[in-house]
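This is query31.txt (compact mmCIF, C-alpha atoms and all ligand atoms).
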```txt
# COMPACT_ATOMS: atom_id res chain seq x y z
CA MET A 1257 28.84 -11.50 11.38
CA ARG A 1258 25.96 -13.00 13.31
CA ILE A 1259 22.26 -12.39 13.78
CA VAL A 1260 21.82 -12.43 17.55
CA ASP A 1261 18.11 -11.75 18.02
CA VAL A 1262 14.91 -11.87 15.95
CA ARG A 1263 11.61 -10.60 17.32
CA GLU A 1264 8.21 -10.81 15.64
CA ARG A 1265 4.77 -9.47 16.45
CA SER A 1266 1.44 -9.58 14.65
CA VAL A 1267 -0.20 -6.16 14.32
CA PRO A 1268 -3.60 -5.14 12.93
CA ILE A 1269 -3.70 -2.99 9.80
CA SER A 1270 -6.55 -1.03 8.27
CA ARG A 1271 -7.54 -0.40 4.69
CA TYR A 1272 -8.92 2.97 5.73
CA ASN A 1273 -7.66 6.28 7.07
CA ASP A 1274 -10.14 5.71 9.90
CA PRO A 1275 -8.98 2.45 11.56
CA ALA A 1276 -12.38 2.08 13.25
CA LEU A 1277 -13.88 0.96 9.90
CA PRO A 1278 -13.86 -2.85 9.54
CA SER A 1279 -10.97 -4.34 7.52
CA GLY A 1280 -11.76 -8.04 7.85
CA GLY A 1281 -9.32 -8.62 10.70
CA LEU A 1282 -6.33 -7.95 8.46
CA THR A 1283 -2.93 -8.25 10.18
CA THR A 1284 0.74 -8.18 9.24
CA SER A 1285 3.96 -9.35 10.93
CA ILE A 1286 6.65 -6.92 12.03
CA VAL A 1287 10.17 -8.16 12.74
CA ALA A 1288 13.32 -6.68 14.31
CA LEU A 1289 16.55 -8.49 13.45
CA THR A 1290 19.55 -7.56 15.62
CA THR A 1291 23.08 -8.09 14.31
CA ASP A 1292 26.38 -8.22 16.19
CA THR A 1293 27.65 -5.28 14.13
CA VAL A 1294 27.88 -1.97 15.97
CA ARG A 1295 27.30 1.44 14.37
CA ASP A 1296 27.24 4.70 16.37
CA GLY A 1297 27.71 2.69 19.56
CA LYS A 1298 24.65 0.48 19.03
CA PRO A 1299 24.03 -2.92 17.40
CA VAL A 1300 22.54 -2.56 13.91
CA VAL A 1301 18.88 -3.63 13.84
CA GLY A 1302 17.09 -4.40 10.57
CA TYR A 1303 13.33 -4.03 10.34
CA GLY A 1304 10.87 -5.79 8.08
CA PHE A 1305 7.17 -6.45 7.74
CA ALA A 1306 4.97 -8.86 5.81
CA SER A 1307 3.75 -6.26 3.27
CA ILE A 1308 -0.03 -6.04 3.14
CA GLY A 1309 -2.93 -8.22 2.10
CA ARG A 1310 -1.92 -11.70 3.31
CA PHE A 1311 -2.03 -11.61 7.13
CA ALA A 1312 0.74 -12.10 9.73
CA GLN A 1313 3.07 -15.11 9.57
CA GLY A 1314 4.21 -15.33 13.19
CA GLY A 1315 4.25 -19.12 13.51
CA LEU A 1316 6.39 -19.72 10.44
CA ILE A 1317 8.75 -16.86 11.31
CA ARG A 1318 9.25 -17.79 14.95
CA GLU A 1319 9.27 -21.57 14.67
CA ARG A 1320 10.97 -22.19 11.34
CA PHE A 1321 12.83 -19.37 9.62
CA ALA A 1322 14.18 -17.10 12.38
CA PRO A 1323 15.84 -20.05 14.19
CA ARG A 1324 17.78 -20.87 11.00
CA LEU A 1325 19.18 -17.32 10.88
CA LEU A 1326 19.99 -17.34 14.59
CA ALA A 1327 21.81 -20.68 14.35
CA ALA A 1328 23.78 -19.71 11.22
CA ALA A 1329 27.57 -19.48 11.30
CA ASP A 1330 29.42 -16.42 9.98
CA ALA A 1331 30.10 -18.08 6.65
CA ASP A 1332 26.37 -18.65 6.10
CA LEU A 1333 25.53 -14.98 6.50
CA ALA A 1334 28.55 -12.79 5.69
CA ASN A 1335 29.81 -11.51 2.36
CA GLY A 1336 33.17 -12.70 1.01
CA ALA A 1337 35.09 -9.95 2.77
CA GLY A 1338 33.30 -10.56 6.05
CA THR A 1339 32.35 -6.89 6.20
CA ASN A 1340 28.56 -7.15 5.89
CA LEU A 1341 25.61 -9.49 5.70
CA ASP A 1342 25.17 -11.07 2.29
CA PRO A 1343 21.36 -11.07 1.88
CA PHE A 1344 21.57 -13.86 -0.72
CA ARG A 1345 23.52 -16.13 1.66
CA ALA A 1346 21.08 -15.31 4.45
CA TRP A 1347 18.24 -16.23 2.08
CA LYS A 1348 19.83 -19.61 1.24
CA THR A 1349 20.22 -20.23 4.95
CA MET A 1350 16.51 -19.59 5.50
CA MET A 1351 15.51 -21.78 2.53
CA LYS A 1352 17.73 -24.75 3.45
CA GLY A 1353 15.72 -27.97 3.18
CA GLU A 1354 12.63 -26.24 1.71
CA LYS A 1355 11.21 -28.07 -1.30
CA PRO A 1356 9.97 -26.29 -4.45
CA GLY A 1357 6.24 -25.63 -4.73
CA GLY A 1358 3.56 -25.54 -2.05
CA HIS A 1359 4.18 -21.90 -1.32
CA GLY A 1360 1.24 -21.47 0.99
CA GLU A 1361 2.25 -18.31 2.76
CA ARG A 1362 5.71 -19.64 3.64
CA CYS A 1363 6.88 -17.21 0.96
CA VAL A 1364 5.52 -14.29 3.01
CA ALA A 1365 7.34 -15.39 6.17
CA VAL A 1366 10.66 -15.64 4.32
CA GLY A 1367 10.05 -12.30 2.58
CA THR A 1368 9.42 -10.57 5.91
CA LEU A 1369 12.78 -11.67 7.32
CA ASP A 1370 14.50 -10.98 3.99
CA MET A 1371 13.31 -7.35 4.18
CA ALA A 1372 14.90 -7.02 7.63
CA VAL A 1373 18.17 -8.56 6.36
CA TRP A 1374 18.31 -6.01 3.53
CA ASP A 1375 17.56 -3.16 5.94
CA ALA A 1376 20.37 -4.31 8.26
CA ALA A 1377 22.84 -4.81 5.39
CA ALA A 1378 22.18 -1.31 4.01
CA LYS A 1379 22.55 0.18 7.50
CA ILE A 1380 25.87 -1.66 7.98
CA ALA A 1381 27.02 -0.35 4.59
CA GLY A 1382 25.79 3.13 5.58
CA VAL A 1383 23.77 3.63 2.38
CA PRO A 1384 20.08 3.87 1.40
CA LEU A 1385 18.80 0.45 0.39
CA TYR A 1386 18.39 1.37 -3.29
CA ARG A 1387 22.15 2.00 -3.51
CA LEU A 1388 23.02 -1.37 -1.96
CA ILE A 1389 20.63 -3.21 -4.30
CA ALA A 1390 21.97 -1.35 -7.33
CA ASP A 1391 25.56 -2.17 -6.28
CA LEU A 1392 24.85 -5.87 -5.72
CA VAL A 1393 22.42 -6.73 -8.50
CA GLY A 1394 21.97 -3.66 -10.71
CA ASP A 1395 22.80 -3.72 -14.41
CA GLY A 1396 25.56 -1.14 -13.97
CA SER A 1397 23.34 1.86 -14.65
CA ALA A 1398 22.81 4.38 -11.86
CA PRO A 1399 19.71 3.94 -9.67
CA HIS A 1400 16.79 6.13 -10.61
CA PRO A 1401 16.64 9.06 -8.16
CA THR A 1402 12.88 9.42 -8.66
CA VAL A 1403 10.30 6.99 -10.02
CA PRO A 1404 6.71 7.27 -11.26
CA ALA A 1405 4.16 6.60 -8.52
CA TYR A 1406 0.44 6.31 -8.08
CA ALA A 1407 -1.83 6.40 -5.05
CA GLY A 1408 -3.51 3.11 -4.16
CA GLY A 1409 -6.58 2.81 -1.94
CA GLY A 1410 -10.23 3.38 -2.73
CA TYR A 1411 -11.64 0.45 -0.77
CA SER A 1412 -15.41 0.26 -0.54
CA TYR A 1413 -16.82 2.25 2.39
CA PRO A 1414 -19.59 0.71 4.52
CA THR A 1415 -21.61 3.97 4.39
CA ASP A 1416 -21.66 6.99 2.02
CA ASP A 1417 -19.35 5.08 -0.31
CA LEU A 1418 -19.33 7.46 -3.27
CA SER A 1419 -18.83 10.64 -1.26
CA GLN A 1420 -16.16 9.10 1.00
CA LEU A 1421 -14.38 7.61 -2.03
CA SER A 1422 -14.44 11.00 -3.76
CA ASP A 1423 -13.03 12.69 -0.64
CA GLU A 1424 -10.22 10.11 -0.48
CA VAL A 1425 -9.28 10.66 -4.12
CA ARG A 1426 -9.41 14.46 -3.73
CA ALA A 1427 -6.99 14.11 -0.81
CA MET A 1428 -4.66 11.96 -2.97
CA LEU A 1429 -4.68 14.62 -5.70
CA ALA A 1430 -4.07 17.35 -3.11
CA GLN A 1431 -0.90 15.49 -2.04
CA GLY A 1432 0.38 15.58 -5.62
CA TYR A 1433 -0.56 12.16 -7.01
CA THR A 1434 -1.77 12.26 -10.60
CA HIS A 1435 -2.81 8.60 -10.99
CA VAL A 1436 -4.88 6.50 -8.59
CA LYS A 1437 -6.10 2.94 -8.16
CA ILE A 1438 -9.37 1.92 -6.52
CA LYS A 1439 -10.99 -1.41 -5.66
CA ILE A 1440 -13.92 -3.00 -7.44
CA GLY A 1441 -15.49 -6.45 -7.40
CA GLY A 1442 -17.00 -6.31 -3.93
CA ALA A 1443 -20.34 -4.95 -5.14
CA PRO A 1444 -22.70 -5.36 -8.13
CA LEU A 1445 -21.13 -4.16 -11.36
CA GLU A 1446 -23.48 -1.17 -11.63
CA ARG A 1447 -22.20 0.13 -8.31
CA ASP A 1448 -18.57 -0.38 -9.39
CA LEU A 1449 -19.26 1.62 -12.55
CA LYS A 1450 -20.61 4.49 -10.43
CA ARG A 1451 -17.40 4.39 -8.35
CA ILE A 1452 -15.31 4.52 -11.54
CA GLU A 1453 -17.31 7.41 -13.00
CA ALA A 1454 -17.14 9.39 -9.73
CA VAL A 1455 -13.34 9.08 -9.58
CA GLN A 1456 -12.73 9.68 -13.28
CA ALA A 1457 -14.66 12.95 -12.95
CA LEU A 1458 -11.94 14.13 -10.54
CA LEU A 1459 -8.91 13.10 -12.61
CA ALA A 1460 -7.10 14.91 -15.44
CA ALA A 1461 -7.90 12.05 -17.84
CA PRO A 1462 -9.86 8.77 -17.69
CA ASN A 1463 -6.66 6.74 -18.12
CA HIS A 1464 -5.27 8.10 -14.85
CA LEU A 1465 -7.45 5.53 -13.05
CA ALA A 1466 -6.66 1.83 -12.53
CA VAL A 1467 -9.10 -0.61 -10.92
CA ASP A 1468 -8.34 -3.71 -8.86
CA ALA A 1469 -10.93 -6.51 -8.66
CA MET A 1470 -8.90 -8.32 -5.96
CA ASN A 1471 -9.12 -11.68 -7.79
CA SER A 1472 -12.85 -11.79 -7.05
CA PHE A 1473 -14.53 -12.42 -10.43
CA ASN A 1474 -15.50 -15.84 -11.80
CA ALA A 1475 -15.35 -16.56 -15.53
CA GLU A 1476 -18.79 -15.12 -16.31
CA GLN A 1477 -18.25 -12.02 -14.14
CA CYS A 1478 -14.88 -11.42 -15.80
CA LEU A 1479 -16.39 -11.23 -19.25
CA ALA A 1480 -19.26 -9.01 -18.05
CA ALA A 1481 -16.77 -6.68 -16.33
CA ALA A 1482 -14.51 -6.62 -19.41
CA ALA A 1483 -17.43 -5.48 -21.59
CA ALA A 1484 -18.60 -2.89 -19.06
CA LEU A 1485 -15.15 -1.46 -18.29
CA ARG A 1486 -13.86 -1.32 -21.83
CA PRO A 1487 -15.52 2.01 -22.76
CA HIS A 1488 -14.04 3.65 -19.65
CA HIS A 1489 -10.47 3.72 -21.02
CA LEU A 1490 -8.86 2.81 -17.71
CA TRP A 1491 -5.10 2.84 -17.01
CA TRP A 1492 -5.33 -0.87 -16.19
CA PHE A 1493 -7.70 -3.59 -14.93
CA GLU A 1494 -6.04 -5.58 -12.12
CA ASP A 1495 -6.38 -8.96 -10.37
CA ILE A 1496 -9.36 -10.00 -12.42
CA CYS A 1497 -9.91 -13.63 -11.37
CA ASP A 1498 -8.41 -16.49 -9.36
CA PRO A 1499 -4.65 -16.05 -9.90
CA LEU A 1500 -4.24 -19.63 -11.17
CA ASP A 1501 -7.29 -19.63 -13.49
CA PHE A 1502 -5.23 -18.89 -16.59
CA GLU A 1503 -8.03 -19.97 -18.95
CA THR A 1504 -10.39 -17.27 -17.63
CA HIS A 1505 -7.52 -14.82 -17.51
CA ALA A 1506 -6.58 -15.33 -21.15
CA ALA A 1507 -10.21 -15.13 -22.31
CA THR A 1508 -10.67 -11.84 -20.42
CA VAL A 1509 -7.51 -10.33 -21.90
CA ILE A 1510 -8.94 -10.96 -25.38
CA ALA A 1511 -12.38 -9.61 -24.49
CA TYR A 1512 -11.12 -6.49 -22.71
CA HIS A 1513 -8.44 -5.19 -25.12
CA GLY A 1514 -7.06 -2.63 -22.61
CA ALA A 1515 -4.11 -3.16 -20.25
CA ILE A 1516 -4.43 -5.95 -17.68
CA ALA A 1517 -2.37 -6.14 -14.47
CA ALA A 1518 -1.60 -9.47 -12.79
CA GLY A 1519 0.83 -11.41 -10.63
CA GLU A 1520 0.27 -10.02 -7.14
CA ALA A 1521 -1.05 -13.36 -5.86
CA LEU A 1522 1.62 -15.52 -7.51
CA PHE A 1523 4.74 -16.22 -5.50
CA SER A 1524 7.43 -18.00 -7.50
CA ALA A 1525 9.29 -17.91 -10.80
CA ALA A 1526 7.57 -21.16 -11.83
CA GLU A 1527 4.14 -19.58 -11.29
CA ALA A 1528 5.23 -16.43 -13.13
CA LYS A 1529 6.26 -18.59 -16.08
CA LEU A 1530 2.81 -20.20 -16.14
CA LEU A 1531 1.15 -16.76 -16.10
CA ASP A 1532 3.35 -15.64 -18.97
CA ARG A 1533 2.71 -18.79 -20.99
CA TYR A 1534 -1.01 -19.30 -20.39
CA GLY A 1535 -2.48 -16.05 -19.00
CA GLY A 1536 -2.76 -14.29 -22.36
CA LEU A 1537 -0.70 -11.28 -21.29
CA ARG A 1538 1.17 -9.03 -23.72
CA PRO A 1539 4.63 -7.78 -22.66
CA ALA A 1540 4.30 -4.55 -24.65
CA LYS A 1541 1.04 -3.58 -22.93
CA ASP A 1542 0.34 -5.31 -19.62
CA ILE A 1543 1.50 -4.79 -16.04
CA LEU A 1544 3.17 -7.20 -13.58
CA LEU A 1545 2.38 -6.76 -9.89
CA PHE A 1546 4.54 -9.37 -8.12
CA ASP A 1547 5.28 -8.27 -4.54
CA PRO A 1548 9.02 -8.29 -3.66
CA VAL A 1549 8.08 -9.38 -0.12
CA HIS A 1550 5.49 -12.06 -0.88
CA THR A 1551 7.68 -13.74 -3.50
CA TYR A 1552 10.10 -15.06 -0.82
CA GLY A 1553 11.67 -11.61 -0.65
CA LEU A 1554 13.95 -9.86 -3.09
CA PRO A 1555 15.97 -12.96 -4.15
CA GLY A 1556 12.70 -14.62 -5.26
CA TYR A 1557 11.53 -11.41 -6.96
CA LEU A 1558 14.78 -11.19 -8.91
CA GLN A 1559 14.28 -14.78 -10.09
CA ILE A 1560 10.86 -13.74 -11.43
CA ILE A 1561 12.29 -10.72 -13.30
CA GLU A 1562 14.98 -12.95 -14.80
CA THR A 1563 12.49 -15.66 -15.81
CA LEU A 1564 10.13 -13.19 -17.48
CA LYS A 1565 12.97 -11.42 -19.25
CA GLY A 1566 13.17 -14.62 -21.30
CA GLY A 1567 9.49 -14.10 -22.25
CA GLY A 1568 10.25 -10.61 -23.57
CA TRP A 1569 9.03 -8.66 -20.52
CA PRO A 1570 10.72 -5.27 -20.07
CA ARG A 1571 11.52 -3.98 -16.59
CA SER A 1572 9.11 -1.10 -17.23
CA ALA A 1573 6.22 -3.60 -17.00
CA PHE A 1574 6.92 -4.29 -13.30
CA TRP A 1575 4.88 -2.17 -10.85
CA PRO A 1576 5.27 -4.06 -7.55
CA HIS A 1577 2.40 -4.52 -5.14
CA GLY A 1578 2.70 -3.32 -1.56
CA GLY A 1579 2.74 0.46 -1.54
CA HIS A 1580 5.61 0.75 0.94
CA LEU A 1581 9.17 2.06 1.15
CA PHE A 1582 10.84 -1.31 0.49
CA SER A 1583 9.15 -1.57 -2.92
CA LEU A 1584 10.12 2.04 -3.63
CA HIS A 1585 13.82 1.21 -3.16
CA VAL A 1586 13.48 -1.87 -5.36
CA VAL A 1587 11.83 0.12 -8.17
CA SER A 1588 14.52 2.82 -7.97
CA ALA A 1589 17.45 0.38 -7.88
CA LEU A 1590 16.25 -1.91 -10.67
CA GLY A 1591 14.70 0.71 -12.97
CA LEU A 1592 11.21 -0.83 -12.84
CA GLY A 1593 8.08 0.81 -14.22
CA GLY A 1594 6.88 2.54 -11.07
CA CYS A 1595 5.64 2.31 -7.56
CA GLU A 1596 2.37 2.06 -5.66
CA VAL A 1597 2.01 4.28 -2.59
CA ASN A 1598 -0.84 3.89 -0.09
CA PRO A 1599 -1.14 7.40 1.37
CA PHE A 1600 -4.22 6.68 3.49
CA SER A 1601 -4.32 2.88 3.81
CA PHE A 1602 -2.31 0.47 5.97
CA ALA A 1603 -0.91 3.07 8.36
CA PRO A 1604 1.78 3.32 9.55
CA PHE A 1605 3.30 1.22 6.73
CA GLY A 1606 1.74 3.01 3.74
CA GLY A 1607 2.81 6.37 2.43
CA LEU A 1608 6.13 8.13 2.04
CA SER A 1609 8.48 9.58 4.69
CA ASP A 1610 6.79 12.08 6.99
CA GLY A 1611 6.25 15.39 5.20
CA VAL A 1612 7.30 14.05 1.78
CA THR A 1613 4.89 14.27 -1.15
CA PRO A 1614 5.21 13.40 -4.84
CA GLN A 1615 6.61 15.94 -7.26
CA GLY A 1616 5.17 15.82 -10.76
CA GLY A 1617 3.74 12.37 -10.06
CA ARG A 1618 7.17 11.00 -9.08
CA VAL A 1619 8.62 9.99 -5.71
CA ALA A 1620 12.11 9.40 -4.29
CA PRO A 1621 13.31 6.81 -1.76
CA PRO A 1622 14.54 8.16 1.62
CA GLU A 1623 18.21 9.22 1.68
CA VAL A 1624 19.08 7.55 5.00
CA PRO A 1625 20.91 4.25 5.62
CA GLY A 1626 18.61 1.24 5.19
CA ILE A 1627 14.98 1.31 4.03
CA GLY A 1628 14.25 4.48 5.99
CA PHE A 1629 11.31 3.28 8.11
CA GLU A 1630 12.74 5.61 10.76
CA THR A 1631 11.71 8.58 8.57
CA LYS A 1632 8.10 7.79 9.54
CA ALA A 1633 7.70 8.59 13.25
CA LYS A 1634 4.79 6.22 13.93
CA LEU A 1635 6.51 3.37 12.12
CA ARG A 1636 9.81 4.04 13.90
CA ASP A 1637 7.97 3.85 17.22
CA LEU A 1638 6.15 0.64 16.25
CA PHE A 1639 9.34 -1.16 15.20
CA GLY A 1640 11.18 0.32 18.20
CA SER A 1641 8.58 -1.20 20.52
CA LEU A 1642 9.76 -4.69 19.48
CA SER A 1643 13.11 -4.24 21.23
CA THR A 1644 11.53 -3.25 24.54
CA GLU A 1645 9.28 -6.33 24.77
MG MG A 1701 -4.20 -5.86 -6.44
```

Spit out the file's structure as structure tokens when you get a sec.
Amino acid sequence: MRIVDVRERSVPISRYNDPALPSGGLTTSIVALTTDTVRDGKPVVGYGFASIGRFAQGGLIRERFAPRLLAAADADLANGAGTNLDPFRAWKTMMKGEKPGGHGERCVAVGTLDMAVWDAAAKIAGVPLYRLIADLVGDGSAPHPTVPAYAGGGYSYPTDDLSQLSDEVRAMLAQGYTHVKIKIGGAPLERDLKRIEAVQALLAAPNHLAVDAMNSFNAEQCLAAAAALRPHHLWWFEDICDPLDFETHAATVIAYHGAIAAGEALFSAAEAKLLDRYGGLRPAKDILLFDPVHTYGLPGYLQIIETLKGGGWPRSAFWPHGGHLFSLHVVSALGLGGCEVNPFSFAPFGGLSDGVTPQGGRVAPPEVPGIGFETKAKLRDLFGSLSTE
């Protein structure tokens, strides 16, 4: 059981359905990881990408972590029976010699390769990823065939913001989403309130809308936003301030009263513990957004779930960041709260399998071996282009 080739490329991604609109130069890494295991006459290839929001990690992947996988012996990668990759052994191989702390975006590089290892392992096992995860680390209960989902997007448009935002949300509702999340914090508060009111007018109830401030508010802005948003009865208020400013975070939780969502920009179990202890969050009410890619991949994400379990956090509080198929499998396998989907942002990574839409506000992971990136034609072609370079 060997990994014989790893390829990586940085690709641009857009926050908008129209990729011509500026997205701040945002990129992500795509990887193809080829194994020496043959299925249907071809070597099994696992695909992964760096989720969204934190740029590509090509240097770290190519120079540091992929070489460790390529140099690893069978025993460092295979399960006990030697029949498949063991993603946890592969993860230890990647993390060998890495010291705790100082995550930088090393965690994103490891998570990208970890996603490809899981994709390959599920393909070798011949099962959808959610089944493999449930078999290896589930609590014994069956995976959830469908999970609650919401549509993420709603970035600020450079022109005609309110009308373009309203069109985007109408298109989300037309696809069958019942709950949506939009961005705030990039404009004066009065303009954000107009965005909120425009979208709430389209939804079945005010609490079908969540807002994401993208960690942009300082202490004073947080308290002003808390007071202004409170009467709007939102689903949740997300990423309110610098992710490590727990003092501001805790003060805002008290001032706001409604549900707060946090954790997307924290990357380790130790950081999650600090958020739980000092961020003022309430396990019965608030939402945890940790990204199963950015937290050093699924092994790191599982450490966070385990750590927070000790603080009384139920699995239903976890709504992972990312809006892609990998997160969907994780939510289904582990019985988490629900899943973000980005139907119009971050193409071709966002959204469900081609032609698939939510039913009653719920979505299902693809029923093909692996993550199922191949069920999205443009994504299949993009990953496929790695092997012809
Ligand atoms: Mg966010």

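Closest to His1464 (chain A) among A:Glu1623, A:His1488, A:Val1549, A:Lys1450 is A:His1488, based on only C-alpha atoms.
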
- Tell me which protein, DNA and RNA residues are within 7 Å of Ala1312 (chain A), counting all atoms listed in the file, leaving out same-chain ones fewer than 3 positions away, and put them as a PyMOL selection string. chain A and resi 1266+1283-1285+1306

- Expected selection as a ChimeraX atom specification for ligand MG 1701 (chain A) within 12 Å, only C-alpha atoms and all ligand atoms: /A:1308-1310,1408-1411,1437-1441,1466-1472,1492-1499,1516-1522,1543-1547,1575-1579,1596

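Ranking A:Ala1381, A:Tyr1406, A:Leu1418, A:Gln1615 by their shortest atom-to-atom distance to Val1436 (chain A), with all atoms listed in the file included, puts A:Tyr1406 first.
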
- Message: Which residues are close to Gly1566 (chain A), i.e. within 12 Å by only C-alpha atoms, leaving aside same-chain residues fewer than 3 positions away? Reply as a ChimeraX atom specification.
- Response: /A:1525,1528-1529,1532-1533,1539,1559-1563,1569-1571

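Restricting the calculation to all atoms listed in the file, the smallest distance between Cys1363 (chain A) and any of A:Leu1584, A:Val1624, A:Ala1329, A:Ile1317 is found for A:Ile1317.
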
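Atom to atom, CA of Gly1315 (chain A) and CA of Gly1367 (chain A) stand 14.1 Å apart.
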
- Message: Report as number ranges by chain all protein, DNA and RNA residues lying within 12 Å of Gly1640 (chain A), evaluated on all atoms listed in the file, omitting residues in the same chain fewer than 2 positions from it.
- Response: A: 1263-1265, 1286-1290, 1301-1304, 1629-1630, 1632-1638, 1642-1645

- Would you please work out which residue, of A:Arg1451, A:Glu1354, A:Thr1504, A:His1513, is nearest to Glu1476 (chain A) when using only C-alpha atoms? A:Thr1504

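Between CA of Arg1324 (chain A) and CA of Gly1357 (chain A) the interatomic distance comes to 20.1 Å.
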
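Reported to one decimal place, the separation of CA of Pro1356 (chain A) from CA of Ala1507 (chain A) is 29.2 Å.
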
- Message: Show me, as an MDAnalysis selection string, the residues that have an atom within 10 Å of region 1369-1380 of chain A when counting all atoms listed in the file, minus same-chain residues fewer than 6 positions from it.
- Response: chainID A and resid 1259 1262 1264 1285:1291 1293:1295 1299:1307 1317 1321:1322 1325 1333:1334 1339:1344 1346:1347 1350 1386:1389 1548:1549 1552:1555 1582 1624:1629

Just the selected residues (C-alpha atoms), exported as an mmCIF file, in the coordinates of the input, please.
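That gives us result-v2.cif:
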```cif
data_model
loop_
_atom_site.group_PDB
_atom_site.id
_atom_site.type_symbol
_atom_site.label_atom_id
_atom_site.label_comp_id
_atom_site.auth_asym_id
_atom_site.auth_seq_id
_atom_site.Cartn_x
_atom_site.Cartn_y
_atom_site.Cartn_z
ATOM 1 C CA ILE A 1259 22.260 -12.390 13.780
ATOM 2 C CA VAL A 1262 14.910 -11.870 15.950
ATOM 3 C CA GLU A 1264 8.210 -10.810 15.640
ATOM 4 C CA SER A 1285 3.960 -9.350 10.930
ATOM 5 C CA ILE A 1286 6.650 -6.920 12.030
ATOM 6 C CA VAL A 1287 10.170 -8.160 12.740
ATOM 7 C CA ALA A 1288 13.320 -6.680 14.310
ATOM 8 C CA LEU A 1289 16.550 -8.490 13.450
ATOM 9 C CA THR A 1290 19.550 -7.560 15.620
ATOM 10 C CA THR A 1291 23.080 -8.090 14.310
ATOM 11 C CA THR A 1293 27.650 -5.280 14.130
ATOM 12 C CA VAL A 1294 27.880 -1.970 15.970
ATOM 13 C CA ARG A 1295 27.300 1.440 14.370
ATOM 14 C CA PRO A 1299 24.030 -2.920 17.400
ATOM 15 C CA VAL A 1300 22.540 -2.560 13.910
ATOM 16 C CA VAL A 1301 18.880 -3.630 13.840
ATOM 17 C CA GLY A 1302 17.090 -4.400 10.570
ATOM 18 C CA TYR A 1303 13.330 -4.030 10.340
ATOM 19 C CA GLY A 1304 10.870 -5.790 8.080
ATOM 20 C CA PHE A 1305 7.170 -6.450 7.740
ATOM 21 C CA ALA A 1306 4.970 -8.860 5.810
ATOM 22 C CA SER A 1307 3.750 -6.260 3.270
ATOM 23 C CA ILE A 1317 8.750 -16.860 11.310
ATOM 24 C CA PHE A 1321 12.830 -19.370 9.620
ATOM 25 C CA ALA A 1322 14.180 -17.100 12.380
ATOM 26 C CA LEU A 1325 19.180 -17.320 10.880
ATOM 27 C CA LEU A 1333 25.530 -14.980 6.500
ATOM 28 C CA ALA A 1334 28.550 -12.790 5.690
ATOM 29 C CA THR A 1339 32.350 -6.890 6.200
ATOM 30 C CA ASN A 1340 28.560 -7.150 5.890
ATOM 31 C CA LEU A 1341 25.610 -9.490 5.700
ATOM 32 C CA ASP A 1342 25.170 -11.070 2.290
ATOM 33 C CA PRO A 1343 21.360 -11.070 1.880
ATOM 34 C CA PHE A 1344 21.570 -13.860 -0.720
ATOM 35 C CA ALA A 1346 21.080 -15.310 4.450
ATOM 36 C CA TRP A 1347 18.240 -16.230 2.080
ATOM 37 C CA MET A 1350 16.510 -19.590 5.500
ATOM 38 C CA TYR A 1386 18.390 1.370 -3.290
ATOM 39 C CA ARG A 1387 22.150 2.000 -3.510
ATOM 40 C CA LEU A 1388 23.020 -1.370 -1.960
ATOM 41 C CA ILE A 1389 20.630 -3.210 -4.300
ATOM 42 C CA PRO A 1548 9.020 -8.290 -3.660
ATOM 43 C CA VAL A 1549 8.080 -9.380 -0.120
ATOM 44 C CA TYR A 1552 10.100 -15.060 -0.820
ATOM 45 C CA GLY A 1553 11.670 -11.610 -0.650
ATOM 46 C CA LEU A 1554 13.950 -9.860 -3.090
ATOM 47 C CA PRO A 1555 15.970 -12.960 -4.150
ATOM 48 C CA PHE A 1582 10.840 -1.310 0.490
ATOM 49 C CA VAL A 1624 19.080 7.550 5.000
ATOM 50 C CA PRO A 1625 20.910 4.250 5.620
ATOM 51 C CA GLY A 1626 18.610 1.240 5.190
ATOM 52 C CA ILE A 1627 14.980 1.310 4.030
ATOM 53 C CA GLY A 1628 14.250 4.480 5.990
ATOM 54 C CA PHE A 1629 11.310 3.280 8.110
#
```

- Closest of A:Leu1429, A:Leu1564, A:Leu1490, A:Ala1328 to Gly1616 (chain A), counting all atoms listed in the file, is A:Leu1429

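Each of A:Ser1279, A:Gln1456, A:Asn1335, A:Ser1419 was compared to Arg1258 (chain A) using only C-alpha atoms, and A:Asn1335 turns out to be the nearest.
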